[in-house]
Amino acid sequence: MKEANLLDGRLVAHQIHRETMEVVQKLRQHGVQPSVVFIRVGQFPPSELYVRMKQKKAQELGIKSQVISFAEDVSQNEVLEKLYQLNQDPSIHGILVQLPLPSHLSEKEIALAIDPKKDIDGFHPINLGKMLLGEKDCFYPCTPLGIQELLKRYNIEIEGKEVVILGRSNIVGKPMAALLLQKSKYANATVTIVHSFSQNIKEHCQRADILIAAMGKARFVTKDFVKAGAVVVDVGVSRVADASSHKGFKIVGDVDFDEIKKIASWITPNPGGVGPMTIAMLLSNTVKAAELSLFS
Ligand code: GUN
């Protein structure tokens with residue numbers, strides 16, 4: 001049997017970056033340079049890497065970017081003060097606070113403190129609420145938005161399909177369900193979310209035309225979870241020990257790629273699937289913020 005086709009996130013992200021760059025050039029003609037601030041707290045190596053990747057790509061696209069790094073023991077007030085200052089600075093269009101944060105900081109309060117018009121992550125309750133209502137003049141969380149865009153650009157039919165999402169995080173699972181439920185051409189799906197309290201997880205997954213694994217458990221989804229011909233999207237990023245690697249670990253997804261590619265019709269590679277799409281949507285949201293700032 002033929003192997004699954006790849007949903008190549010690197011390739012599609014490259015196309016989106018080109019489109020974003022065109023908008024950056026148009027904005028420049030109006031005297032606006034899109035600008036983003038990334039905030040990091042403490043020394044969590046994966047977050048340091050993600051922020052470096054986001055900043056590098058922003059620079060390549062002509063988006064001005066700045067990283068603010070706080071020490072692990074920074075107070076909630078110090079972070080909030082910085083956010084209020086950035087909210088008031090008209091030269092800054094986008095603000096992102098890299099998660100996870102140390103446990104003494106409140107992610108909820110920090111999300112609330114970012115001006116919704118600069119909330120390129122789409123984590124502010126106003127943006128999440130607007131997304132739920134299907135409004136467009138707002139920001140949607142980048143990973144679910146990137147997955148929807150990836151499916152769209154490969155002409156994967158979503159309307160009327162059974163979508164099963166593994167994981168109910170505020171960043172991926174919940175907004176993913178909200179996006180694919182919308183009354184629109186690249187949504188209109190029948191959506192199920194399964195989570196740690198769900199019963200018969202495997203049986204739910206076996207019904208899926210589109211299976212989106214986002215629970216952060218290394219290779220949890222094995223081939224017996226997947227219906228032949230299903231579309232499989234792997235959001236997971238887990239570090240597992242690997243003595244053969246000089247780093248001592250390797251990154252694996254939530255999906256057993258080598259087995260599932262034999263039965264799925266489409267599958268995301270990991271890395272190279274969802275990750276690059278998340279960055280592409282983040283920078284696309286940044287230029288959207290700059291564009292919207294022209295009209296407010
Ligand atoms: N940590 C993991 N994913 C994300 C994301 O999309 N945005 C932020 N701010 N932090 C993250």
# chains A, B, ... in the order shown; residues from 1 in each chain; ligands from 1
call {"tool": "residues_near_ligand", "arguments": {"ligand": "ligand 1", "cutoff": "6 Å", "atoms": "only C-alpha atoms and all ligand atoms", "output": "PyMOL selection string"}}
result
chain A and resi 96-100+121+142
call {"tool": "select_by_dssp", "arguments": {"residues": "segment 153-245 of chain A", "states": "helix (DSSP H, G or I)", "output": "MDAnalysis selection string"}}
result
chainID A and resid 153 173:181 201:206 223:225
call {"tool": "closest_residue", "arguments": {"among": "A:Arg10, A:His17, A:Lys161, A:Lys2", "to": "Ser284 of chain A", "atoms": "only C-alpha atoms"}}
result
A:His17
call {"tool": "select_by_dssp", "arguments": {"residues": "segment 12-168 of chain A", "states": "strand (DSSP E or B)", "output": "ChimeraX atom specification"}}
result
/A:35-41,64-70,94-97,119,162-166
call {"tool": "residues_around", "arguments": {"residues": "Glu72 of chain A", "least_positions_apart": "3", "cutoff": "9 Å", "atoms": "only C-alpha atoms", "output": "PDB file with N, CA, C and O atoms, in the first residue's frame"}}
result
ATOM      1  N   VAL A  41      11.237  34.426  30.360  1.00  0.00           N
ATOM      2  CA  VAL A  41      11.547  34.449  31.796  1.00  0.00           C
ATOM      3  C   VAL A  41      12.345  33.192  32.141  1.00  0.00           C
ATOM      4  O   VAL A  41      11.926  32.077  31.806  1.00  0.00           O
ATOM      5  N   GLY A  42      13.492  33.389  32.821  1.00  0.00           N
ATOM      6  CA  GLY A  42      14.277  32.252  33.289  1.00  0.00           C
ATOM      7  C   GLY A  42      15.051  31.585  32.172  1.00  0.00           C
ATOM      8  O   GLY A  42      15.162  32.113  31.058  1.00  0.00           O
ATOM      9  N   GLN A  43      15.573  30.391  32.485  1.00  0.00           N
ATOM     10  CA  GLN A  43      16.413  29.700  31.509  1.00  0.00           C
ATOM     11  C   GLN A  43      15.879  28.312  31.229  1.00  0.00           C
ATOM     12  O   GLN A  43      16.361  27.322  31.778  1.00  0.00           O
ATOM     13  N   SER A  75       9.475  39.443  39.540  1.00  0.00           N
ATOM     14  CA  SER A  75       8.153  39.471  40.183  1.00  0.00           C
ATOM     15  C   SER A  75       7.060  39.665  39.122  1.00  0.00           C
ATOM     16  O   SER A  75       7.315  40.183  38.024  1.00  0.00           O
ATOM     17  N   LEU A 101       5.737  29.684  32.008  1.00  0.00           N
ATOM     18  CA  LEU A 101       6.363  30.628  32.927  1.00  0.00           C
ATOM     19  C   LEU A 101       6.649  29.919  34.242  1.00  0.00           C
ATOM     20  O   LEU A 101       5.970  28.931  34.576  1.00  0.00           O
ATOM     21  N   PRO A 102       7.613  30.434  35.032  1.00  0.00           N
ATOM     22  CA  PRO A 102       7.836  29.843  36.359  1.00  0.00           C
ATOM     23  C   PRO A 102       6.536  29.883  37.170  1.00  0.00           C
ATOM     24  O   PRO A 102       5.694  30.768  36.944  1.00  0.00           O
TER      25      PRO A 102
END
call {"tool": "atom_distance", "arguments": {"atom1": "atom CA of Val191 of chain A", "atom2": "atom CA of Pro116 of chain A"}}
result
27.4 Å
call {"tool": "residues_around", "arguments": {"residues": "segment 246-258 of chain A", "least_positions_apart": "5", "cutoff": "12 Å", "atoms": "only C-alpha atoms", "output": "PyMOL selection string"}}
result
chain A and resi 3-6+46+165-167+211-226+232-241+263-264+266-275
